[in-house]
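Colleague: Below you'll find work14.cif; it's mmCIF, C-alpha atoms.
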data_coords
#
loop_
_atom_site.group_PDB
_atom_site.id
_atom_site.type_symbol
_atom_site.label_atom_id
_atom_site.label_comp_id
_atom_site.auth_asym_id
_atom_site.auth_seq_id
_atom_site.Cartn_x
_atom_site.Cartn_y
_atom_site.Cartn_z
ATOM 1 C CA MET A 29 116.926 66.881 100.406
ATOM 2 C CA ILE A 30 117.419 69.668 102.967
ATOM 3 C CA LEU A 31 120.249 71.148 100.886
ATOM 4 C CA LEU A 32 118.082 71.002 97.759
ATOM 5 C CA LEU A 33 115.196 72.750 99.508
ATOM 6 C CA ALA A 34 117.516 75.428 100.854
ATOM 7 C CA ALA A 35 119.017 75.993 97.405
ATOM 8 C CA GLN A 36 115.569 76.271 95.839
ATOM 9 C CA ALA A 37 114.444 78.738 98.516
ATOM 10 C CA VAL A 38 117.480 80.944 97.833
ATOM 11 C CA TYR A 39 116.859 80.726 94.085
ATOM 12 C CA VAL A 40 113.201 81.731 94.426
ATOM 13 C CA LYS A 41 114.094 84.655 96.683
ATOM 14 C CA ARG A 42 116.730 85.922 94.243
ATOM 15 C CA THR A 43 114.704 85.502 91.048
ATOM 16 C CA THR A 44 111.212 86.543 92.162
ATOM 17 C CA PRO A 45 110.513 90.178 91.198
ATOM 18 C CA ARG A 46 109.921 92.393 94.228
ATOM 19 C CA LEU A 47 106.648 94.191 93.693
ATOM 20 C CA PRO A 48 105.605 97.162 95.823
ATOM 21 C CA GLY A 49 102.509 97.357 97.941
ATOM 22 C CA ALA A 50 99.450 99.100 96.563
ATOM 23 C CA ALA A 51 99.655 102.870 96.230
ATOM 24 C CA GLY A 52 97.156 105.430 97.405
ATOM 25 C CA PRO A 53 94.941 105.681 100.489
ATOM 26 C CA VAL A 54 94.658 102.710 102.849
ATOM 27 C CA ASP A 55 91.065 103.591 103.693
ATOM 28 C CA GLY A 56 88.004 104.811 101.872
ATOM 29 C CA VAL A 57 84.249 104.571 101.422
ATOM 30 C CA VAL A 58 82.172 102.769 98.828
ATOM 31 C CA ALA A 59 79.100 104.933 98.364
ATOM 32 C CA GLY A 60 75.708 103.593 99.304
ATOM 33 C CA ALA A 61 72.718 104.085 101.537
ATOM 34 C CA GLY A 62 72.602 104.336 105.308
ATOM 35 C CA GLU A 63 75.285 104.316 107.952
ATOM 36 C CA PRO A 64 78.413 102.745 106.423
ATOM 37 C CA PHE A 65 79.257 99.163 107.278
ATOM 38 C CA ARG A 66 82.769 99.290 108.738
ATOM 39 C CA LEU A 67 85.202 96.784 107.220
ATOM 40 C CA ALA A 68 88.807 96.318 108.351
ATOM 41 C CA VAL A 69 91.181 93.912 106.608
ATOM 42 C CA LEU A 70 94.336 92.939 108.491
ATOM 43 C CA GLY A 71 97.295 90.855 107.433
ATOM 44 C CA GLU A 72 100.327 90.262 105.255
ATOM 45 C CA SER A 73 101.327 91.322 101.714
ATOM 46 C CA THR A 74 97.913 90.558 100.219
ATOM 47 C CA VAL A 75 96.452 93.203 102.535
ATOM 48 C CA ASP A 76 99.371 95.494 101.678
ATOM 49 C CA GLY A 77 98.090 95.095 98.117
ATOM 50 C CA VAL A 78 101.202 93.657 96.491
ATOM 51 C CA GLY A 79 100.343 92.873 92.882
ATOM 52 C CA ALA A 80 97.766 95.665 92.536
ATOM 53 C CA ALA A 81 98.280 99.304 91.620
ATOM 54 C CA THR A 82 95.959 100.664 94.323
ATOM 55 C CA HIS A 83 93.989 99.315 97.250
ATOM 56 C CA GLU A 84 90.809 99.712 95.204
ATOM 57 C CA GLU A 85 92.178 96.901 92.982
ATOM 58 C CA ALA A 86 93.529 94.849 95.903
ATOM 59 C CA LEU A 87 91.741 92.589 98.373
ATOM 60 C CA THR A 88 90.288 95.242 100.670
ATOM 61 C CA GLY A 89 88.859 97.485 97.974
ATOM 62 C CA CYS A 90 87.456 94.545 96.022
ATOM 63 C CA LEU A 91 85.828 93.108 99.130
ATOM 64 C CA ALA A 92 84.338 96.480 100.083
ATOM 65 C CA ARG A 93 82.713 96.759 96.653
ATOM 66 C CA GLU A 94 81.344 93.224 96.885
ATOM 67 C CA LEU A 95 79.823 93.936 100.296
ATOM 68 C CA ALA A 96 78.294 97.143 98.956
ATOM 69 C CA THR A 97 76.410 95.429 96.134
ATOM 70 C CA GLY A 98 73.303 95.294 98.315
ATOM 71 C CA GLY A 99 73.238 99.081 98.302
ATOM 72 C CA ARG A 100 74.707 99.781 101.735
ATOM 73 C CA ALA A 101 77.713 102.075 102.069
ATOM 74 C CA VAL A 102 80.942 100.398 103.173
ATOM 75 C CA ARG A 103 83.812 102.160 104.942
ATOM 76 C CA TRP A 104 87.026 100.165 104.543
ATOM 77 C CA GLN A 105 90.496 100.107 106.047
ATOM 78 C CA ALA A 106 93.504 98.058 104.921
ATOM 79 C CA VAL A 107 96.113 97.307 107.592
ATOM 80 C CA GLY A 108 98.792 95.143 106.011
ATOM 81 C CA ARG A 109 102.541 94.715 105.829
ATOM 82 C CA THR A 110 104.592 92.743 103.351
ATOM 83 C CA GLY A 111 106.528 89.993 105.106
ATOM 84 C CA ALA A 112 104.394 90.049 108.264
ATOM 85 C CA ASN A 113 103.557 86.853 110.086
ATOM 86 C CA ALA A 114 100.775 86.327 112.615
ATOM 87 C CA ARG A 115 102.929 87.382 115.569
ATOM 88 C CA THR A 116 104.058 90.588 113.847
ATOM 89 C CA VAL A 117 100.494 91.452 112.913
ATOM 90 C CA ARG A 118 99.320 90.922 116.475
ATOM 91 C CA ALA A 119 102.098 93.007 118.021
ATOM 92 C CA GLU A 120 102.450 95.837 115.515
ATOM 93 C CA LEU A 121 99.437 96.062 113.180
ATOM 94 C CA ALA A 122 96.394 95.033 115.207
ATOM 95 C CA PRO A 123 96.616 98.204 117.364
ATOM 96 C CA LEU A 124 96.127 100.245 114.163
ATOM 97 C CA VAL A 125 92.720 98.741 113.351
ATOM 98 C CA GLU A 126 89.932 101.281 113.753
ATOM 99 C CA PRO A 127 86.482 100.411 115.172
ATOM 100 C CA ALA A 128 84.826 97.963 112.783
ATOM 101 C CA ASP A 129 81.763 95.812 112.277
ATOM 102 C CA LEU A 130 83.864 93.114 110.649
ATOM 103 C CA VAL A 131 87.581 92.314 110.677
ATOM 104 C CA VAL A 132 88.929 90.054 107.939
ATOM 105 C CA ILE A 133 92.331 88.521 108.677
ATOM 106 C CA ALA A 134 94.442 87.340 105.734
ATOM 107 C CA LEU A 135 97.566 85.543 106.921
ATOM 108 C CA GLY A 136 99.476 82.302 106.591
ATOM 109 C CA VAL A 137 101.851 82.515 103.639
ATOM 110 C CA ASN A 138 104.736 84.003 105.618
ATOM 111 C CA ASP A 139 104.066 81.665 108.533
ATOM 112 C CA THR A 140 104.189 78.801 106.023
ATOM 113 C CA ILE A 141 107.504 79.973 104.577
ATOM 114 C CA GLU A 142 108.884 80.291 108.109
ATOM 115 C CA LEU A 143 107.743 76.673 108.756
ATOM 116 C CA ARG A 144 105.589 77.730 111.704
ATOM 117 C CA THR A 145 103.918 74.753 113.365
ATOM 118 C CA ALA A 146 100.161 74.355 113.122
ATOM 119 C CA ALA A 147 99.819 74.514 116.906
ATOM 120 C CA GLY A 148 101.885 77.687 117.110
ATOM 121 C CA TYR A 149 99.936 79.325 114.291
ATOM 122 C CA ARG A 150 96.641 78.429 115.964
ATOM 123 C CA ARG A 151 97.808 80.026 119.214
ATOM 124 C CA ASP A 152 98.921 83.168 117.368
ATOM 125 C CA LEU A 153 95.584 83.538 115.585
ATOM 126 C CA LEU A 154 93.592 82.973 118.755
ATOM 127 C CA ALA A 155 95.663 85.573 120.612
ATOM 128 C CA LEU A 156 95.144 87.991 117.707
ATOM 129 C CA VAL A 157 91.369 87.547 117.867
ATOM 130 C CA VAL A 158 91.385 88.052 121.636
ATOM 131 C CA ASP A 159 93.465 91.220 121.318
ATOM 132 C CA LEU A 160 91.171 92.637 118.627
ATOM 133 C CA ARG A 161 88.060 92.014 120.692
ATOM 134 C CA ARG A 162 89.653 93.452 123.795
ATOM 135 C CA ARG A 163 90.126 96.712 121.868
ATOM 136 C CA LEU A 164 87.094 96.742 119.572
ATOM 137 C CA GLY A 165 84.444 94.821 121.490
ATOM 138 C CA PRO A 166 82.676 91.676 120.219
ATOM 139 C CA VAL A 167 83.496 92.297 116.562
ATOM 140 C CA ASP A 168 82.851 89.579 113.966
ATOM 141 C CA VAL A 169 86.090 88.086 112.607
ATOM 142 C CA VAL A 170 86.655 86.225 109.351
ATOM 143 C CA LEU A 171 89.821 84.190 108.858
ATOM 144 C CA ALA A 172 90.581 84.077 105.141
ATOM 145 C CA GLY A 173 91.963 80.672 104.269
ATOM 146 C CA VAL A 174 95.695 80.187 103.904
ATOM 147 C CA PRO A 175 96.329 80.109 100.135
ATOM 148 C CA PRO A 176 97.131 76.579 98.897
ATOM 149 C CA MET A 177 100.784 76.980 97.987
ATOM 150 C CA ALA A 178 100.700 73.936 95.734
ATOM 151 C CA ARG A 179 99.204 76.354 93.190
ATOM 152 C CA PHE A 180 101.994 78.970 93.340
ATOM 153 C CA PRO A 181 103.719 78.876 89.920
ATOM 154 C CA SER A 182 106.905 80.563 91.171
ATOM 155 C CA LEU A 183 107.737 77.638 93.467
ATOM 156 C CA PRO A 184 109.760 74.731 92.065
ATOM 157 C CA ARG A 185 109.380 71.175 93.259
ATOM 158 C CA PRO A 186 110.082 69.709 95.787
ATOM 159 C CA LEU A 187 109.988 73.063 97.644
ATOM 160 C CA ARG A 188 106.432 73.613 96.414
ATOM 161 C CA ASP A 189 105.326 70.261 97.821
ATOM 162 C CA VAL A 190 106.832 70.960 101.235
ATOM 163 C CA LEU A 191 105.233 74.399 101.473
ATOM 164 C CA ALA A 192 101.937 73.051 100.136
ATOM 165 C CA ALA A 193 101.763 70.525 102.959
ATOM 166 C CA ARG A 194 102.597 73.178 105.530
ATOM 167 C CA SER A 195 100.041 75.673 104.148
ATOM 168 C CA THR A 196 97.369 72.966 104.317
ATOM 169 C CA ALA A 197 98.246 72.280 107.957
ATOM 170 C CA LEU A 198 98.130 75.967 108.867
ATOM 171 C CA ASP A 199 94.784 76.373 107.132
ATOM 172 C CA ALA A 200 93.411 73.508 109.221
ATOM 173 C CA ALA A 201 94.710 75.308 112.313
ATOM 174 C CA ALA A 202 92.862 78.464 111.245
ATOM 175 C CA ALA A 203 89.685 76.434 110.768
ATOM 176 C CA ALA A 204 90.031 75.200 114.344
ATOM 177 C CA VAL A 205 90.087 78.798 115.617
ATOM 178 C CA ALA A 206 86.706 79.272 113.943
ATOM 179 C CA ARG A 207 85.154 77.209 116.733
ATOM 180 C CA VAL A 208 85.214 80.438 118.713
ATOM 181 C CA PRO A 209 81.772 82.128 118.494
ATOM 182 C CA GLY A 210 81.721 84.977 116.003
ATOM 183 C CA VAL A 211 84.816 83.726 114.162
ATOM 184 C CA THR A 212 84.421 82.248 110.677
ATOM 185 C CA HIS A 213 86.971 80.513 108.482
ATOM 186 C CA VAL A 214 86.565 80.840 104.702
ATOM 187 C CA PRO A 215 88.928 78.463 102.875
ATOM 188 C CA MET A 216 90.447 79.433 99.556
ATOM 189 C CA ALA A 217 89.460 77.030 96.807
ATOM 190 C CA PRO A 218 92.528 75.894 94.813
ATOM 191 C CA GLY A 219 90.640 76.674 91.618
ATOM 192 C CA LEU A 220 90.893 80.388 92.387
ATOM 193 C CA LEU A 221 94.640 80.226 91.808
ATOM 194 C CA ASP A 222 94.950 79.556 88.119
ATOM 195 C CA PRO A 223 97.835 81.294 86.300
ATOM 196 C CA ALA A 224 95.639 84.253 85.330
ATOM 197 C CA ALA A 225 95.072 85.054 89.014
ATOM 198 C CA PHE A 226 98.724 85.901 89.676
ATOM 199 C CA ALA A 227 100.720 89.103 89.417
ATOM 200 C CA PRO A 228 103.896 89.170 87.273
ATOM 201 C CA ASP A 229 105.937 87.802 90.181
ATOM 202 C CA ARG A 230 103.842 84.590 89.974
ATOM 203 C CA PHE A 231 103.601 84.632 93.767
ATOM 204 C CA HIS A 232 101.059 87.322 94.710
ATOM 205 C CA PRO A 233 97.571 87.819 93.294
ATOM 206 C CA GLY A 234 97.014 90.320 90.541
ATOM 207 C CA PRO A 235 93.828 92.396 90.291
ATOM 208 C CA ALA A 236 91.908 89.465 88.796
ATOM 209 C CA GLY A 237 93.028 87.205 91.630
ATOM 210 C CA TYR A 238 92.040 89.732 94.272
ATOM 211 C CA ALA A 239 88.627 90.200 92.654
ATOM 212 C CA ARG A 240 87.955 86.455 92.648
ATOM 213 C CA TRP A 241 89.096 86.078 96.244
ATOM 214 C CA ALA A 242 86.875 88.956 97.350
ATOM 215 C CA GLN A 243 83.876 87.394 95.606
ATOM 216 C CA THR A 244 84.449 84.139 97.480
ATOM 217 C CA LEU A 245 84.727 85.898 100.827
ATOM 218 C CA ALA A 246 81.671 88.066 100.182
ATOM 219 C CA ALA A 247 79.598 85.060 99.151
ATOM 220 C CA ALA A 248 80.458 83.341 102.434
ATOM 221 C CA LEU A 249 79.610 86.494 104.368
ATOM 222 C CA SER A 250 76.184 86.709 102.747
ATOM 223 C CA VAL A 251 75.447 83.309 104.274
ATOM 224 C CA ILE A 252 76.832 84.321 107.670
ATOM 225 C CA LYS A 253 74.965 87.620 107.999
#
Would you kindly transcribe this structure into structure tokens?

Modeller:
Amino acid sequence: MILLLAAQAVYVKRTTPRLPGAAGPVDGVVAGAGEPFRLAVLGESTVDGVGAATHEEALTGCLARELATGGRAVRWQAVGRTGANARTVRAELAPLVEPADLVVIALGVNDTIELRTAAGYRRDLLALVVDLRRRLGPVDVVLAGVPPMARFPSLPRPLRDVLAARSTALDAAAAAVARVPGVTHVPMAPGLLDPAAFAPDRFHPGPAGYARWAQTLAAALSVIK
């Protein structure tokens, strides 16, 4: 079984198209009234905007527009790196986050692929939240749910099943971090990941997938605020 999983992992890596991150500015403003609400999104390739042409079409831009539907201006910043795990984000990307009213963290796929344990992932996320608040003050933090990898069409079985179980465990670990005051976990519903949600690599979201994900996050935030 281990040899089969290893062979499938090599096959997926070799045959999956390598898409670039989103082009254009990594920050911007959605016009509206009043002092802009400051949104920072931090994480892996989904924050880098892989699968979208620009950050306006990727997770950060879509979420900024959703949060601005009430008429308030939103200033957004995307701080992401393809291939980053929670430890890399904490060490190298978190220091780049500018002062914010809300930080959304989107992680977990790379930690899943690396077979990170749930306990280790929980420690990494908690340390990331602590580091952010040490720099930015008592900022609200949202942990976007780890995508359910059972829905990734590029993954063959049984590799898909193994990664699906691990992604579920890491998402539960993220939910546990949300016991910290001011930290919220927003799980990703499997129904969001139908085939139309994916980019041509069948691994990352496309613009439609990012838009749906942003709507889910914004809906949860409207309850929180």

Colleague: For the file shown, report as a list in words the outcome of the PyMOL selection byres ((chain A and resi 202) around 8) at residue level.

Modeller: Tyr149, Arg150, Leu153, Leu171, Gly173, Leu198, Asp199, Ala200, Ala201, Ala203, Ala204, Val205, Ala206 and His213 of chain A

Colleague: The PyMOL selection byres ((chain A and resi 77) around 8) on the file shown: which residues, as a VMD selection string?

Modeller: chain A and resid 49 to 50 73 to 76 78 to 83 86 to 87 108

Colleague: Need the neighbours of (96.0, 99.7, 109.1): which residues are at most 10 Å away, counting all atoms listed in the file, as a list in words?

Modeller: Val54, Asp55, Ala68, Val69, Leu70, Gly71, Val75, Asp76, Gln105, Ala106, Val107, Gly108, Arg109, Glu120, Leu121, Ala122, Pro123, Leu124, Val125 and Glu126 of chain A

Colleague: Can you give me, as a list in words, the residues this file yields under the PyMOL selection byres ((chain A and resi 164-167) around 7)?

Modeller: Pro127, Ala128, Asp129, Leu130, Leu160, Arg161, Arg162, Arg163, Asp168 and Val169 of chain A

Colleague: Measuring between all atoms listed in the file, which one of A:Leu67, A:Ala112, A:Val132, A:Ala61 shows the shortest distance to Leu95 in chain A?

Modeller: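 Ranked by minimum distance to Leu95 in chain A, first place goes to A:Leu67.
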